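Structure record follows, encoded as structure tokens.
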Amino acid sequence: SKTTDERFLIIGSGSKETSEYYFLDLEGVSGAEQHKQLLQSRLKCLQPRQQGLRYEDIDHQDGHFYIVTNKDDCMNNKLVRVAVASYADQTLENHFQQWEDVRPYNACEQIDSVLALRHHLVISGRAEGFSQLWIVPYTNQKHLGAWQAVTFPEQTYNVWLMDNFVYDTETVRIGYSSFITPRQVQDYNLYTGAITVLKEQTGPGYDHTKYVCRR
């Protein structure tokens with residue numbers, strides 16, 4: 001698959017206990033022949049397979065790869081990043097030693113995936129057992145801001161990232177449902193927090209205002 005900005009092709013394989021991914025810089029590449037030549041000469045490994053080390057859901061933003069991994073025995077995963085330029089050093093055997101935490105590991109949170117957009121990161125996972133999305137702004141000084149948990153009016157719900165293919169965007173496409181709200185497709189504005197419901201499954205005679213869900 002490609003990173004969201006379409007700069008890199010990511011190729012990989014893995015098991016329950018191992019991962020091994022490769023990346024290919026597609027900048028300035030066009031046509032089947034050029035892609036074939038690149039695969040033979042410029043394919044680089046993010047981290048060789050190592051028992052017990054898993055890393056997955058890789059994306060790219062402004063010269064850094066963002067990676068979800070269980071590195072350092074993080075059972076519920078954490079988010080790390082590494083400069084693409086660091087892979088120019090071919091003498092390194094364990095590149096994961098250069099991976100830096102985006103935020104310290106929290107055992108009460110589970111990190112499942114990361115979506116890198118031009119001005120934000122969107123992370124999906126769980127907090128205290130409940131599904132959660134976090135928005136991380138990317139400042140003009142090219143630093144990541146604070147993690148902002150996305151909240152909804154209902155006390156208990158399920159929320160997840162849907163397919164997002166536009167890198168330079170103000171909104172992110174998400175899925176949402178709860179015990180009383182049918183499955184919805186929503187656009188979430190990354191700047192204002194406004195939600196636009198694009199689609200909702202309906203049932204004959206159902207009125208969600210007649211019910212409540214609490215925790």
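Ligands are numbered from 1 in the order shown, chains are lettered A, B, ... in the order of the structure tokens, and residues start at 1 in each chain.
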Using only C-alpha atoms, tabulate the residues of segment 42-112 of chain A lying at most 12 Å from any atom of segment 152-173 of chain A, each with its closest atom pair and that distance in Å to one decimal, by chain and increasing residue number, as CSV.
residue,atom,partner,partner_atom,distance
A:Asp59,CA,A:Tyr167,CA,11.1
A:His60,CA,A:Tyr167,CA,10.4
A:Gln61,CA,A:Tyr167,CA,9.6
A:Asp62,CA,A:Tyr167,CA,11.7
A:Asp112,CA,A:Trp160,CA,10.1
Taking C-alpha atoms for each residue, export the selection above as a tab-separated table (two decimals), in the first residue's frame.
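Saved the output as result.tsv:
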chain	number	residue	atom	x	y	z
A	59	ASP	CA	2.38	6.26	7.46
A	60	HIS	CA	4.53	9.23	6.46
A	61	GLN	CA	4.47	12.95	7.13
A	62	ASP	CA	7.14	15.56	6.37
A	112	ASP	CA	-4.34	0.49	16.76
Which of segment 1-212 of chain A DSSP labels helix (DSSP H, G or I), written as an MDAnalysis selection string: chainID A and resid 32:41 84:88 95:98 208:210
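Proximity to Ser19 of chain A was assessed for A:Val80, A:Ile67, A:Cys213, A:Leu53 counting only C-alpha atoms; the smallest distance is recorded for A:Leu53.
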Which neighbours of segment 1-15 of chain A fall inside 12 Å, counting only C-alpha atoms, when residues of the same chain fewer than 2 positions from it are skipped, and could you give them as an MDAnalysis selection string? chainID A and resid 17:29 35 38:39 42:67 84 114:122 163:169
Separation of atom CA of Asp187 of chain A from atom CA of Ile135 of chain A, in Å and rounded to one decimal: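 Distance between the two atoms: 13.7 Å.
The gap separating atom CA of Ala146 of chain A from atom CA of Glu128 of chain A is 19.2 Å, in Å to one decimal.
Between atom CA of Ile111 of chain A and atom CA of Thr196 of chain A the interatomic distance comes to 25.3 Å.
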Apply DSSP to the structure's backbone, then extract all residues of segment 25-181 of chain A labelled strand (DSSP E or B) and return them as an NGL selection string. :A and (25 or 44-45 or 55-61 or 64-69 or 78-83 or 100-101 or 109-116 or 120-127 or 130-138 or 144 or 148-149 or 158-161 or 171-177)
Same residues, C-alpha atoms, output as a PDB file, in the first residue's frame:
ATOM      1  CA  ASP A  25      10.483   6.212  -2.331  1.00  0.00           C
ATOM      2  CA  LYS A  44      14.824  -0.534   2.063  1.00  0.00           C
ATOM      3  CA  CYS A  45      13.833  -2.447   5.178  1.00  0.00           C
ATOM      4  CA  TYR A  55       5.281  -2.961  14.014  1.00  0.00           C
ATOM      5  CA  GLU A  56       2.465  -2.114  11.643  1.00  0.00           C
ATOM      6  CA  ASP A  57       0.208   0.603  10.281  1.00  0.00           C
ATOM      7  CA  ILE A  58       2.983   2.784   8.883  1.00  0.00           C
ATOM      8  CA  ASP A  59       2.379   6.263   7.465  1.00  0.00           C
ATOM      9  CA  HIS A  60       4.532   9.228   6.458  1.00  0.00           C
ATOM     10  CA  GLN A  61       4.470  12.954   7.133  1.00  0.00           C
ATOM     11  CA  HIS A  64       9.144  10.995   9.229  1.00  0.00           C
ATOM     12  CA  PHE A  65       7.575   7.564   9.316  1.00  0.00           C
ATOM     13  CA  TYR A  66       4.920   7.099  12.010  1.00  0.00           C
ATOM     14  CA  ILE A  67       4.673   3.517  13.206  1.00  0.00           C
ATOM     15  CA  VAL A  68       2.413   1.599  15.586  1.00  0.00           C
ATOM     16  CA  THR A  69       4.550  -0.912  17.475  1.00  0.00           C
ATOM     17  CA  LYS A  78       2.491   2.848  21.204  1.00  0.00           C
ATOM     18  CA  LEU A  79       3.151   5.371  18.443  1.00  0.00           C
ATOM     19  CA  VAL A  80       6.732   6.083  17.409  1.00  0.00           C
ATOM     20  CA  ARG A  81       8.370   8.024  14.630  1.00  0.00           C
ATOM     21  CA  VAL A  82      11.690   7.893  12.823  1.00  0.00           C
ATOM     22  CA  ALA A  83      13.329  10.180  10.282  1.00  0.00           C
ATOM     23  CA  GLU A 100      11.406   7.755  19.217  1.00  0.00           C
ATOM     24  CA  ASP A 101       8.155   7.787  21.156  1.00  0.00           C
ATOM     25  CA  GLU A 109      -4.607   2.975  26.192  1.00  0.00           C
ATOM     26  CA  GLN A 110      -4.358   0.793  23.125  1.00  0.00           C
ATOM     27  CA  ILE A 111      -3.026   2.241  19.875  1.00  0.00           C
ATOM     28  CA  ASP A 112      -4.340   0.486  16.761  1.00  0.00           C
ATOM     29  CA  SER A 113      -3.611   2.721  13.768  1.00  0.00           C
ATOM     30  CA  VAL A 114      -2.301   6.092  12.626  1.00  0.00           C
ATOM     31  CA  LEU A 115      -3.380   8.310   9.743  1.00  0.00           C
ATOM     32  CA  ALA A 116      -0.888  11.015   8.746  1.00  0.00           C
ATOM     33  CA  HIS A 120      -2.654  16.486  11.585  1.00  0.00           C
ATOM     34  CA  LEU A 121      -2.166  12.968  12.818  1.00  0.00           C
ATOM     35  CA  VAL A 122      -5.285  10.944  13.561  1.00  0.00           C
ATOM     36  CA  ILE A 123      -4.785   7.982  15.893  1.00  0.00           C
ATOM     37  CA  SER A 124      -7.359   5.300  16.603  1.00  0.00           C
ATOM     38  CA  GLY A 125      -7.422   2.893  19.504  1.00  0.00           C
ATOM     39  CA  ARG A 126      -8.985   2.450  22.916  1.00  0.00           C
ATOM     40  CA  ALA A 127      -8.864   4.317  26.218  1.00  0.00           C
ATOM     41  CA  PHE A 130     -13.631   2.206  25.037  1.00  0.00           C
ATOM     42  CA  SER A 131     -12.922   3.028  21.391  1.00  0.00           C
ATOM     43  CA  GLN A 132     -11.184   6.384  20.964  1.00  0.00           C
ATOM     44  CA  LEU A 133      -9.839   8.750  18.329  1.00  0.00           C
ATOM     45  CA  TRP A 134      -7.121  11.303  19.007  1.00  0.00           C
ATOM     46  CA  ILE A 135      -6.237  14.337  16.872  1.00  0.00           C
ATOM     47  CA  VAL A 136      -2.660  15.628  16.967  1.00  0.00           C
ATOM     48  CA  PRO A 137      -2.068  18.973  15.203  1.00  0.00           C
ATOM     49  CA  TYR A 138       1.122  19.560  13.285  1.00  0.00           C
ATOM     50  CA  LEU A 144       3.455  17.881  17.053  1.00  0.00           C
ATOM     51  CA  GLN A 148      -6.788  15.825  21.673  1.00  0.00           C
ATOM     52  CA  ALA A 149      -9.348  13.102  22.397  1.00  0.00           C
ATOM     53  CA  ASN A 158     -18.018   2.754  18.982  1.00  0.00           C
ATOM     54  CA  VAL A 159     -15.950   4.950  16.643  1.00  0.00           C
ATOM     55  CA  TRP A 160     -13.403   3.998  14.016  1.00  0.00           C
ATOM     56  CA  LEU A 161     -11.401   5.398  11.115  1.00  0.00           C
ATOM     57  CA  THR A 171     -11.945  16.639   7.558  1.00  0.00           C
ATOM     58  CA  VAL A 172     -11.466  12.973   8.341  1.00  0.00           C
ATOM     59  CA  ARG A 173     -13.969  10.241   7.468  1.00  0.00           C
ATOM     60  CA  ILE A 174     -15.033   8.136  10.458  1.00  0.00           C
ATOM     61  CA  GLY A 175     -17.604   5.495  11.363  1.00  0.00           C
ATOM     62  CA  TYR A 176     -19.811   5.788  14.436  1.00  0.00           C
ATOM     63  CA  SER A 177     -22.474   3.740  16.206  1.00  0.00           C
TER      64      SER A 177
END
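Each of A:Ala194, A:Pro104, A:Pro204, A:Val212 was compared to Thr181 of chain A using only C-alpha atoms, and A:Val212 turns out to be the nearest.
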Have a look at A:Gln184, A:Asn76, A:Gln201, A:Asn70 and name the one nearest to Phe96 of chain A; count only C-alpha atoms. A:Asn70
